[in-house]
Every structure is written in structure tokens, then in C-alpha cells.
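Structure below is upload00.cif: mmCIF, N, CA and C atoms.
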data_input
loop_
_atom_site.label_atom_id
_atom_site.label_comp_id
_atom_site.auth_asym_id
_atom_site.auth_seq_id
_atom_site.Cartn_x
_atom_site.Cartn_y
_atom_site.Cartn_z
N MET A 1 -4.94 -0.81 8.98
CA MET A 1 -4.08 -0.67 10.12
C MET A 1 -2.91 0.25 9.75
N LYS A 2 -2.61 1.18 10.61
CA LYS A 2 -1.54 2.15 10.37
C LYS A 2 -0.18 1.51 10.66
N SER A 3 0.79 1.82 9.82
CA SER A 3 2.13 1.29 10.06
C SER A 3 3.02 2.35 10.71
N THR A 4 4.07 1.86 11.36
CA THR A 4 5.01 2.71 12.08
C THR A 4 6.41 2.37 11.61
N LEU A 5 7.26 3.37 11.52
CA LEU A 5 8.66 3.16 11.15
C LEU A 5 9.43 2.77 12.41
N ILE A 6 10.07 1.59 12.39
CA ILE A 6 10.83 1.14 13.55
C ILE A 6 12.25 0.76 13.13
N LYS A 7 13.17 0.77 14.10
CA LYS A 7 14.56 0.40 13.84
C LYS A 7 14.66 -1.12 13.70
N ILE A 8 15.34 -1.55 12.66
CA ILE A 8 15.53 -2.98 12.44
C ILE A 8 16.30 -3.59 13.60
N GLU A 9 17.24 -2.86 14.15
CA GLU A 9 18.05 -3.41 15.26
C GLU A 9 17.22 -3.66 16.52
N ASP A 10 16.04 -3.07 16.61
CA ASP A 10 15.16 -3.27 17.76
C ASP A 10 14.23 -4.48 17.60
N ILE A 11 14.38 -5.22 16.50
CA ILE A 11 13.51 -6.36 16.22
C ILE A 11 14.22 -7.66 16.58
N LYS A 12 13.56 -8.46 17.40
CA LYS A 12 14.08 -9.77 17.78
C LYS A 12 13.34 -10.84 16.99
N ILE A 13 14.09 -11.82 16.51
CA ILE A 13 13.47 -12.94 15.81
C ILE A 13 13.64 -14.15 16.72
N LYS A 14 12.55 -14.51 17.42
CA LYS A 14 12.60 -15.59 18.39
C LYS A 14 12.10 -16.91 17.81
N PHE A 15 11.35 -16.86 16.74
CA PHE A 15 10.85 -18.07 16.09
C PHE A 15 10.62 -17.74 14.62
N PHE A 16 10.45 -18.75 13.82
CA PHE A 16 10.09 -18.56 12.43
C PHE A 16 9.25 -19.74 11.99
N VAL A 17 8.32 -19.49 11.06
CA VAL A 17 7.44 -20.57 10.60
C VAL A 17 7.89 -21.13 9.25
N ARG A 18 8.93 -20.58 8.72
CA ARG A 18 9.51 -21.13 7.49
C ARG A 18 10.80 -21.86 7.85
N THR A 19 11.13 -22.87 7.06
CA THR A 19 12.33 -23.65 7.35
C THR A 19 13.59 -22.95 6.84
N GLY A 20 13.45 -21.92 6.03
CA GLY A 20 14.62 -21.22 5.52
C GLY A 20 14.25 -19.93 4.81
N ILE A 21 15.28 -19.25 4.36
CA ILE A 21 15.12 -17.99 3.63
C ILE A 21 15.20 -18.30 2.13
N ASN A 22 14.29 -17.74 1.35
CA ASN A 22 14.30 -17.86 -0.09
C ASN A 22 15.08 -16.67 -0.65
N LEU A 23 16.30 -16.90 -1.11
CA LEU A 23 17.19 -15.81 -1.54
C LEU A 23 16.66 -15.06 -2.76
N GLU A 24 15.95 -15.75 -3.64
CA GLU A 24 15.36 -15.07 -4.80
C GLU A 24 14.30 -14.06 -4.35
N ASN A 25 13.51 -14.43 -3.35
CA ASN A 25 12.51 -13.53 -2.81
C ASN A 25 13.17 -12.32 -2.15
N VAL A 26 14.25 -12.57 -1.40
CA VAL A 26 14.98 -11.47 -0.76
C VAL A 26 15.51 -10.50 -1.82
N LYS A 27 16.08 -11.03 -2.90
CA LYS A 27 16.61 -10.18 -3.96
C LYS A 27 15.51 -9.33 -4.59
N CYS A 28 14.37 -9.94 -4.86
CA CYS A 28 13.24 -9.21 -5.44
C CYS A 28 12.78 -8.10 -4.50
N LEU A 29 12.67 -8.41 -3.22
CA LEU A 29 12.25 -7.41 -2.24
C LEU A 29 13.30 -6.30 -2.10
N LYS A 30 14.57 -6.67 -2.14
CA LYS A 30 15.66 -5.68 -2.07
C LYS A 30 15.52 -4.69 -3.23
N ASP A 31 15.24 -5.21 -4.42
CA ASP A 31 15.05 -4.34 -5.59
C ASP A 31 13.89 -3.38 -5.36
N LEU A 32 12.81 -3.87 -4.75
CA LEU A 32 11.67 -3.00 -4.45
C LEU A 32 12.07 -1.90 -3.46
N TYR A 33 12.79 -2.28 -2.40
CA TYR A 33 13.23 -1.27 -1.42
C TYR A 33 14.13 -0.24 -2.08
N GLU A 34 15.07 -0.70 -2.91
CA GLU A 34 16.01 0.23 -3.55
C GLU A 34 15.33 1.16 -4.54
N SER A 35 14.22 0.73 -5.13
CA SER A 35 13.50 1.58 -6.09
C SER A 35 12.44 2.44 -5.41
N ASN A 36 12.34 2.32 -4.08
CA ASN A 36 11.35 3.06 -3.30
C ASN A 36 9.91 2.69 -3.65
N ASP A 37 9.73 1.52 -4.28
CA ASP A 37 8.38 1.02 -4.50
C ASP A 37 7.80 0.60 -3.15
N PRO A 38 6.49 0.66 -2.99
CA PRO A 38 5.90 0.27 -1.71
C PRO A 38 6.08 -1.22 -1.44
N VAL A 39 6.40 -1.53 -0.20
CA VAL A 39 6.53 -2.91 0.27
C VAL A 39 5.62 -3.03 1.49
N ASN A 40 4.86 -4.11 1.55
CA ASN A 40 3.96 -4.28 2.70
C ASN A 40 4.74 -4.24 4.00
N PRO A 41 4.19 -3.59 5.02
CA PRO A 41 4.86 -3.55 6.32
C PRO A 41 5.00 -4.95 6.92
N ILE A 42 6.05 -5.12 7.71
CA ILE A 42 6.20 -6.36 8.47
C ILE A 42 5.20 -6.32 9.63
N LYS A 43 5.09 -7.42 10.33
CA LYS A 43 4.20 -7.48 11.50
C LYS A 43 5.04 -7.87 12.71
N VAL A 44 4.91 -7.07 13.75
CA VAL A 44 5.65 -7.30 14.99
C VAL A 44 4.72 -7.14 16.18
N THR A 45 5.18 -7.63 17.31
CA THR A 45 4.49 -7.40 18.57
C THR A 45 5.46 -6.64 19.46
N ILE A 46 4.95 -5.70 20.23
CA ILE A 46 5.82 -4.93 21.10
C ILE A 46 6.02 -5.67 22.41
N LEU A 47 7.25 -5.67 22.88
CA LEU A 47 7.62 -6.36 24.11
C LEU A 47 7.69 -5.38 25.27
N GLU A 48 7.75 -5.90 26.48
CA GLU A 48 7.78 -5.05 27.67
C GLU A 48 8.96 -4.10 27.68
N ASP A 49 10.09 -4.52 27.10
CA ASP A 49 11.28 -3.67 27.10
C ASP A 49 11.29 -2.67 25.94
N LYS A 50 10.15 -2.53 25.28
CA LYS A 50 9.95 -1.58 24.17
C LYS A 50 10.71 -1.96 22.90
N THR A 51 11.18 -3.22 22.83
CA THR A 51 11.70 -3.74 21.57
C THR A 51 10.55 -4.51 20.93
N TYR A 52 10.83 -5.13 19.80
CA TYR A 52 9.78 -5.79 19.04
C TYR A 52 10.16 -7.23 18.75
N GLU A 53 9.15 -8.08 18.63
CA GLU A 53 9.35 -9.45 18.21
C GLU A 53 8.68 -9.63 16.85
N LEU A 54 9.42 -10.18 15.91
CA LEU A 54 8.90 -10.38 14.56
C LEU A 54 7.85 -11.48 14.52
N ILE A 55 6.74 -11.18 13.87
CA ILE A 55 5.70 -12.17 13.61
C ILE A 55 5.73 -12.57 12.14
N ASP A 56 5.85 -11.59 11.26
CA ASP A 56 5.84 -11.84 9.82
C ASP A 56 6.72 -10.81 9.13
N GLY A 57 7.67 -11.30 8.29
CA GLY A 57 8.47 -10.35 7.53
C GLY A 57 9.96 -10.62 7.52
N ARG A 58 10.36 -11.84 7.79
CA ARG A 58 11.80 -12.14 7.84
C ARG A 58 12.48 -11.84 6.50
N HIS A 59 11.83 -12.17 5.38
CA HIS A 59 12.41 -11.88 4.07
C HIS A 59 12.52 -10.37 3.84
N ARG A 60 11.49 -9.63 4.27
CA ARG A 60 11.53 -8.18 4.10
C ARG A 60 12.62 -7.53 4.94
N ILE A 61 12.83 -8.06 6.16
CA ILE A 61 13.91 -7.52 6.99
C ILE A 61 15.26 -7.77 6.32
N GLU A 62 15.49 -8.98 5.85
CA GLU A 62 16.76 -9.29 5.17
C GLU A 62 16.96 -8.39 3.96
N ALA A 63 15.89 -8.20 3.18
CA ALA A 63 15.99 -7.36 1.98
C ALA A 63 16.26 -5.90 2.34
N ALA A 64 15.59 -5.40 3.36
CA ALA A 64 15.81 -4.01 3.78
C ALA A 64 17.24 -3.81 4.26
N LYS A 65 17.76 -4.78 5.02
CA LYS A 65 19.16 -4.67 5.48
C LYS A 65 20.12 -4.70 4.29
N GLU A 66 19.87 -5.61 3.34
CA GLU A 66 20.74 -5.68 2.16
C GLU A 66 20.68 -4.40 1.33
N ALA A 67 19.53 -3.73 1.36
CA ALA A 67 19.38 -2.47 0.62
C ALA A 67 19.95 -1.28 1.40
N GLY A 68 20.46 -1.54 2.61
CA GLY A 68 21.09 -0.49 3.39
C GLY A 68 20.17 0.27 4.32
N PHE A 69 18.97 -0.23 4.53
CA PHE A 69 18.01 0.44 5.41
C PHE A 69 18.28 0.08 6.87
N SER A 70 18.07 1.03 7.76
CA SER A 70 18.20 0.75 9.19
C SER A 70 16.82 0.77 9.87
N THR A 71 15.80 1.18 9.12
CA THR A 71 14.43 1.19 9.63
C THR A 71 13.51 0.49 8.63
N ILE A 72 12.32 0.11 9.13
CA ILE A 72 11.37 -0.59 8.28
C ILE A 72 9.95 -0.28 8.77
N GLN A 73 9.02 -0.25 7.84
CA GLN A 73 7.62 -0.03 8.20
C GLN A 73 7.05 -1.31 8.82
N ALA A 74 6.29 -1.14 9.92
CA ALA A 74 5.75 -2.29 10.62
C ALA A 74 4.36 -2.00 11.15
N HIS A 75 3.53 -3.04 11.16
CA HIS A 75 2.28 -3.01 11.90
C HIS A 75 2.62 -3.58 13.28
N VAL A 76 2.32 -2.82 14.31
CA VAL A 76 2.68 -3.20 15.67
C VAL A 76 1.43 -3.60 16.44
N SER A 77 1.49 -4.79 17.05
CA SER A 77 0.38 -5.24 17.89
C SER A 77 0.88 -5.37 19.32
N LYS A 78 -0.07 -5.48 20.24
CA LYS A 78 0.30 -5.67 21.65
C LYS A 78 0.99 -7.01 21.80
N ASN A 79 1.64 -7.20 22.92
CA ASN A 79 2.35 -8.45 23.18
C ASN A 79 1.36 -9.61 23.15
N LEU A 80 1.66 -10.62 22.35
CA LEU A 80 0.79 -11.77 22.16
C LEU A 80 1.42 -13.01 22.78
N ASP A 81 0.59 -14.01 23.11
CA ASP A 81 1.14 -15.26 23.61
C ASP A 81 1.77 -16.03 22.44
N ASP A 82 2.63 -17.00 22.77
CA ASP A 82 3.39 -17.72 21.74
C ASP A 82 2.50 -18.44 20.74
N LYS A 83 1.42 -19.06 21.21
CA LYS A 83 0.50 -19.76 20.31
C LYS A 83 -0.06 -18.79 19.27
N THR A 84 -0.52 -17.63 19.71
CA THR A 84 -1.11 -16.65 18.81
C THR A 84 -0.07 -16.13 17.82
N LYS A 85 1.16 -15.90 18.29
CA LYS A 85 2.23 -15.43 17.39
C LYS A 85 2.45 -16.42 16.27
N ILE A 86 2.57 -17.70 16.62
CA ILE A 86 2.84 -18.73 15.61
C ILE A 86 1.67 -18.85 14.64
N LEU A 87 0.46 -18.92 15.15
CA LEU A 87 -0.72 -19.06 14.28
C LEU A 87 -0.88 -17.84 13.37
N ASN A 88 -0.65 -16.64 13.92
CA ASN A 88 -0.72 -15.44 13.08
C ASN A 88 0.34 -15.47 11.99
N ALA A 89 1.55 -15.88 12.35
CA ALA A 89 2.61 -15.94 11.35
C ALA A 89 2.25 -16.89 10.22
N VAL A 90 1.69 -18.04 10.56
CA VAL A 90 1.28 -19.00 9.52
C VAL A 90 0.20 -18.38 8.65
N LYS A 91 -0.80 -17.76 9.27
CA LYS A 91 -1.90 -17.13 8.51
C LYS A 91 -1.37 -16.07 7.57
N PHE A 92 -0.48 -15.20 8.05
CA PHE A 92 0.07 -14.13 7.22
C PHE A 92 0.87 -14.71 6.05
N ASN A 93 1.59 -15.80 6.30
CA ASN A 93 2.38 -16.41 5.24
C ASN A 93 1.50 -17.07 4.19
N ILE A 94 0.40 -17.67 4.61
CA ILE A 94 -0.51 -18.31 3.65
C ILE A 94 -1.01 -17.28 2.65
N GLY A 95 -1.29 -16.09 3.10
CA GLY A 95 -1.80 -15.05 2.21
C GLY A 95 -0.71 -14.20 1.57
N GLY A 96 0.55 -14.56 1.77
CA GLY A 96 1.65 -13.75 1.26
C GLY A 96 2.07 -14.10 -0.15
N ALA A 97 3.09 -13.41 -0.60
CA ALA A 97 3.58 -13.58 -1.97
C ALA A 97 4.33 -14.90 -2.16
N LEU A 98 4.83 -15.47 -1.07
CA LEU A 98 5.58 -16.71 -1.13
C LEU A 98 4.89 -17.73 -0.22
N PRO A 99 3.96 -18.52 -0.77
CA PRO A 99 3.20 -19.45 0.07
C PRO A 99 4.11 -20.44 0.79
N PRO A 100 3.73 -20.85 2.00
CA PRO A 100 4.51 -21.83 2.75
C PRO A 100 4.54 -23.19 2.05
N THR A 101 5.61 -23.91 2.29
CA THR A 101 5.75 -25.27 1.77
C THR A 101 5.21 -26.26 2.81
N LEU A 102 5.08 -27.50 2.42
CA LEU A 102 4.67 -28.54 3.36
C LEU A 102 5.65 -28.60 4.53
N SER A 103 6.94 -28.46 4.26
CA SER A 103 7.95 -28.46 5.33
C SER A 103 7.73 -27.30 6.29
N ASP A 104 7.32 -26.14 5.75
CA ASP A 104 7.03 -24.99 6.60
C ASP A 104 5.85 -25.28 7.52
N PHE A 105 4.80 -25.90 6.98
CA PHE A 105 3.64 -26.27 7.81
C PHE A 105 4.04 -27.28 8.89
N GLU A 106 4.83 -28.27 8.50
CA GLU A 106 5.29 -29.26 9.47
C GLU A 106 6.08 -28.59 10.59
N HIS A 107 6.98 -27.70 10.21
CA HIS A 107 7.78 -26.96 11.20
C HIS A 107 6.89 -26.16 12.14
N SER A 108 5.89 -25.49 11.58
CA SER A 108 4.99 -24.67 12.39
C SER A 108 4.19 -25.52 13.37
N ILE A 109 3.73 -26.67 12.91
CA ILE A 109 2.98 -27.57 13.80
C ILE A 109 3.90 -28.10 14.90
N GLU A 110 5.14 -28.39 14.56
CA GLU A 110 6.10 -28.82 15.58
C GLU A 110 6.29 -27.73 16.65
N LEU A 111 6.32 -26.47 16.23
CA LEU A 111 6.41 -25.37 17.20
C LEU A 111 5.23 -25.40 18.17
N LEU A 112 4.04 -25.65 17.63
CA LEU A 112 2.85 -25.72 18.48
C LEU A 112 2.88 -26.93 19.40
N ILE A 113 3.35 -28.04 18.89
CA ILE A 113 3.49 -29.25 19.72
C ILE A 113 4.47 -28.98 20.86
N ASN A 114 5.56 -28.27 20.55
CA ASN A 114 6.55 -27.93 21.58
C ASN A 114 5.99 -27.01 22.65
N LEU A 115 4.92 -26.29 22.31
CA LEU A 115 4.25 -25.44 23.29
C LEU A 115 3.27 -26.25 24.15
N LYS A 116 3.23 -27.54 23.90
CA LYS A 116 2.35 -28.48 24.64
C LYS A 116 0.88 -28.32 24.28
N LEU A 117 0.59 -27.84 23.05
CA LEU A 117 -0.79 -27.80 22.60
C LEU A 117 -1.24 -29.22 22.29
N SER A 118 -2.47 -29.52 22.59
CA SER A 118 -3.01 -30.85 22.29
C SER A 118 -3.28 -30.95 20.79
N ARG A 119 -3.40 -32.19 20.34
CA ARG A 119 -3.75 -32.44 18.93
C ARG A 119 -5.05 -31.71 18.58
N LYS A 120 -6.02 -31.79 19.48
CA LYS A 120 -7.31 -31.15 19.24
C LYS A 120 -7.17 -29.63 19.12
N GLU A 121 -6.37 -29.02 19.99
CA GLU A 121 -6.15 -27.57 19.91
C GLU A 121 -5.51 -27.19 18.58
N ILE A 122 -4.54 -27.98 18.15
CA ILE A 122 -3.87 -27.68 16.88
C ILE A 122 -4.85 -27.85 15.72
N LEU A 123 -5.60 -28.95 15.73
CA LEU A 123 -6.57 -29.19 14.65
C LEU A 123 -7.59 -28.06 14.56
N ASN A 124 -8.03 -27.55 15.71
CA ASN A 124 -9.06 -26.51 15.72
C ASN A 124 -8.54 -25.10 15.46
N SER A 125 -7.22 -24.90 15.56
CA SER A 125 -6.72 -23.54 15.41
C SER A 125 -5.80 -23.34 14.21
N PHE A 126 -5.22 -24.42 13.68
CA PHE A 126 -4.28 -24.27 12.57
C PHE A 126 -5.04 -23.84 11.32
N PRO A 127 -4.50 -22.88 10.56
CA PRO A 127 -5.26 -22.30 9.44
C PRO A 127 -5.27 -23.11 8.14
N LEU A 128 -5.36 -24.41 8.28
CA LEU A 128 -5.56 -25.30 7.13
C LEU A 128 -6.77 -26.17 7.45
N PRO A 129 -7.36 -26.78 6.44
CA PRO A 129 -8.46 -27.72 6.73
C PRO A 129 -8.01 -28.79 7.71
N ILE A 130 -8.93 -29.21 8.57
CA ILE A 130 -8.61 -30.19 9.60
C ILE A 130 -8.01 -31.47 9.00
N SER A 131 -8.53 -31.91 7.87
CA SER A 131 -8.02 -33.16 7.27
C SER A 131 -6.55 -33.02 6.89
N ILE A 132 -6.17 -31.87 6.36
CA ILE A 132 -4.76 -31.65 5.97
C ILE A 132 -3.89 -31.52 7.21
N THR A 133 -4.36 -30.77 8.21
CA THR A 133 -3.61 -30.61 9.45
C THR A 133 -3.42 -31.95 10.13
N SER A 134 -4.47 -32.75 10.17
CA SER A 134 -4.40 -34.09 10.78
C SER A 134 -3.37 -34.96 10.06
N SER A 135 -3.35 -34.90 8.76
CA SER A 135 -2.39 -35.67 7.97
C SER A 135 -0.95 -35.25 8.29
N ILE A 136 -0.74 -33.96 8.43
CA ILE A 136 0.60 -33.45 8.76
C ILE A 136 1.01 -33.91 10.15
N ILE A 137 0.11 -33.80 11.11
CA ILE A 137 0.41 -34.21 12.49
C ILE A 137 0.75 -35.69 12.53
N SER A 138 0.03 -36.49 11.77
CA SER A 138 0.25 -37.94 11.77
C SER A 138 1.64 -38.31 11.25
N LYS A 139 2.20 -37.47 10.39
CA LYS A 139 3.53 -37.74 9.83
C LYS A 139 4.65 -37.34 10.79
N LEU A 140 4.32 -36.52 11.78
CA LEU A 140 5.38 -36.02 12.69
C LEU A 140 5.70 -37.01 13.79
#
Rewrite the structure from the file as C-alpha cells, please.
Amino acid sequence: MKSTLIKIEDIKIKFFVRTGINLENVKCLKDLYESNDPVNPIKVTILEDKTYELIDGRHRIEAAKEAGFSTIQAHVSKNLDDKTKILNAVKFNIGGALPPTLSDFEHSIELLINLKLSRKEILNSFPLPISITSSIISKL
């Protein structure tokens, strides 16, 4: 997938699947940006007003801003529904350099519950084995 250079100020962060920012990860990414080493593009969806909504890359955005960048490389997809945005964000994080924590998974499932998804829908779509997802849902 081809990436596009977009303005950081045009990116809206409406949700996140992590419970917080890992400052050590931001520092490491900042060092990569400052050394001009390649950093994977963030993932955004384009909105009707031609701005972007972040799907994956909150740490990279923070690092790029700290490194003094006003633009960032991004993979841009068409406007997605909220369920797809959340599930994609979880999937991208699972395969990323900083795996999600149990708290991150719980938070993500709560986001889906808040969207009024049924237990069955969450079990069938969440990117973890059904037994693990069921266990997490039962604790919420």
C-alpha cells in the first residue's frame, strides 16, 4: 500500500485502543524520526471534510511532533464505520512493535460494547481467540 505525506494538524484522534502512551516507545520513535531512519506509516481514514481520523499510530504522531515534524507518512483508507476502525486498530497493534496489554484489550472491548455490539458479534470479530475474548468480556 502506498503512503501519503499528510499534515499532523489535520489528524483527529477520536478513539484509542491503548489505555495510555508508552513514553519509552515515543522516545525511541523520536530518535528514529530525527535520524531519518524509516518509520512505518500511520494508518488513517479520510473524513468527509478532507481531514483524517487516526486508526493506528498515536505513538508515532507524538514522536514526530516531539522531533519537530509537521507532516507524517500515512496509509489512507476510505471512511470506515466505528466498529471497523476499532477492530483494525486492535489488529494493527497486535502486529506492532509494542503489543497491547490485557488492559488495552479490555478497553477495546469496552469501546465495542459502547457501540452496542452484541457479545456474539464481539466474539466473532475480535482478533483474539474466542476463549480469550470471552474471558475478557466476562470480567467487564
Residues within 7 Å of Pro127 in chain A, only N, CA and C atoms, excluding chain neighbours under 6 positions, as an MDAnalysis selection string: chainID A and resid 87 90:91
Result set, the PyMOL selection byres (((chain A and resi 47 and name CA) around 12) and name CA) on current file, as a list in words: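 Going through the file, the PyMOL selection byres (((chain A and resi 47 and name CA) around 12) and name CA) ends up selecting Asp10, Ile11, Lys12, Lys14, Val44, Thr45, Ile46, Glu48, Asp49, Lys50, Thr51, Tyr52, Glu53, Leu54, Val76, Ser77, Lys78, Asn79, Leu80 and Asp81 of chain A.
One finds CA of Asp56 in chain A at 14.3 Å from atom N of Asp82 in chain A.
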Which of chain A fall in strand (DSSP E or B), as a ChimeraX atom specification: /A:4-7,11-12,42-46,52-56,71-77
Surrounding residues of His59 in chain A excluding itself and chain neighbours under 4 positions, 8 Å, all atoms listed in the file, as a PyMOL selection string: chain A and resi 21-22+25-27+29-30+63-65
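Between Ile42 in chain A and the residues A:Ile109, A:Val17, A:Leu123, A:Ile72, the shortest atom-to-atom distance, using only N, CA and C atoms, involves A:Ile72.
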Closest of A:Lys139, A:Lys2, A:Arg60, A:Lys7 to Val39 in chain A - atom-to-atom distances counting only C-alpha atoms: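 Of A:Lys139, A:Lys2, A:Arg60, A:Lys7, the one nearest Val39 in chain A, counting only C-alpha atoms, is A:Arg60.
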Distance of atom C of Gly95 in chain A from atom N of Ser134 in chain A, expressed in Å to one decimal place: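 Rounded to one decimal, the two atoms are 20.8 Å apart.
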Write out as a tab-separated table (two decimals) with N, CA and C atoms, in the frame of the given file which residues come within 12 Å of Leu115 in chain A when counting only C-alpha atoms, dropping same-chain ones fewer than 2 positions away.
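Saved as result_5.tsv:
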chain	number	residue	atom	x	y	z
A	81	ASP	N	0.59	-14.01	23.11
A	81	ASP	CA	1.14	-15.26	23.61
A	81	ASP	C	1.77	-16.03	22.44
A	82	ASP	N	2.63	-17.00	22.77
A	82	ASP	CA	3.39	-17.72	21.74
A	82	ASP	C	2.50	-18.44	20.74
A	83	LYS	N	1.42	-19.06	21.21
A	83	LYS	CA	0.50	-19.76	20.31
A	83	LYS	C	-0.06	-18.79	19.27
A	84	THR	N	-0.52	-17.63	19.71
A	84	THR	CA	-1.11	-16.65	18.81
A	84	THR	C	-0.07	-16.13	17.82
A	85	LYS	N	1.16	-15.90	18.29
A	85	LYS	CA	2.23	-15.43	17.39
A	85	LYS	C	2.45	-16.42	16.27
A	86	ILE	N	2.57	-17.70	16.62
A	86	ILE	CA	2.84	-18.73	15.61
A	86	ILE	C	1.67	-18.85	14.64
A	108	SER	N	5.89	-25.49	11.58
A	108	SER	CA	4.99	-24.67	12.39
A	108	SER	C	4.19	-25.52	13.37
A	109	ILE	N	3.73	-26.67	12.91
A	109	ILE	CA	2.98	-27.57	13.80
A	109	ILE	C	3.90	-28.10	14.90
A	110	GLU	N	5.14	-28.39	14.56
A	110	GLU	CA	6.10	-28.82	15.58
A	110	GLU	C	6.29	-27.73	16.65
A	111	LEU	N	6.32	-26.47	16.23
A	111	LEU	CA	6.41	-25.37	17.20
A	111	LEU	C	5.23	-25.40	18.17
A	112	LEU	N	4.04	-25.65	17.63
A	112	LEU	CA	2.85	-25.72	18.48
A	112	LEU	C	2.88	-26.93	19.40
A	113	ILE	N	3.35	-28.04	18.89
A	113	ILE	CA	3.49	-29.25	19.72
A	113	ILE	C	4.47	-28.98	20.86
A	117	LEU	N	0.59	-27.84	23.05
A	117	LEU	CA	-0.79	-27.80	22.60
A	117	LEU	C	-1.24	-29.22	22.29
A	118	SER	N	-2.47	-29.52	22.59
A	118	SER	CA	-3.01	-30.85	22.29
A	118	SER	C	-3.28	-30.95	20.79
A	119	ARG	N	-3.40	-32.19	20.34
A	119	ARG	CA	-3.75	-32.44	18.93
A	119	ARG	C	-5.05	-31.71	18.58
A	121	GLU	N	-6.37	-29.02	19.99
A	121	GLU	CA	-6.15	-27.57	19.91
A	121	GLU	C	-5.51	-27.19	18.58
A	122	ILE	N	-4.54	-27.98	18.15
A	122	ILE	CA	-3.87	-27.68	16.88
A	122	ILE	C	-4.85	-27.85	15.72
Gap from CA of Ala89 in chain A to CA of Tyr33 in chain A - Å, one decimal: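 Distance between the two atoms: 22.2 Å.
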Residue nearest Met1 in chain A among A:Lys43, A:Arg18, A:Arg58, A:Lys120 (counting only C-alpha atoms): A:Lys43
Every residue of chain A that DSSP places in alpha helix (DSSP H), as JSON, numbers by chain: {"A": [23, 24, 25, 26, 27, 28, 29, 30, 31, 32, 33, 34, 58, 59, 60, 61, 62, 63, 64, 65, 66, 82, 83, 84, 85, 86, 87, 88, 89, 90, 91, 92, 93, 94, 102, 103, 104, 105, 106, 107, 108, 109, 110, 111, 112, 113, 114, 119, 120, 121, 122, 123, 124, 125, 130, 131, 132, 133, 134, 135, 136, 137, 138, 139]}
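Nearest to His107 in chain A of all the residues A:Thr4, A:Thr19, A:Asn36, A:Thr133 is A:Thr19, counting only C-alpha atoms.
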Given only C-alpha atoms as the counted atoms, nearest of A:Ser131, A:Thr101, A:Ser138, A:Gln73 to Asn40 in chain A: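 Of the candidates, the smallest distance to Asn40 in chain A is held by A:Gln73.
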Among the residues A:Ile13, A:Ile8, A:Ile94, A:Cys28, the one that comes closest to Phe126 in chain A [using only C-alpha atoms]: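 Closest candidate: A:Ile94.
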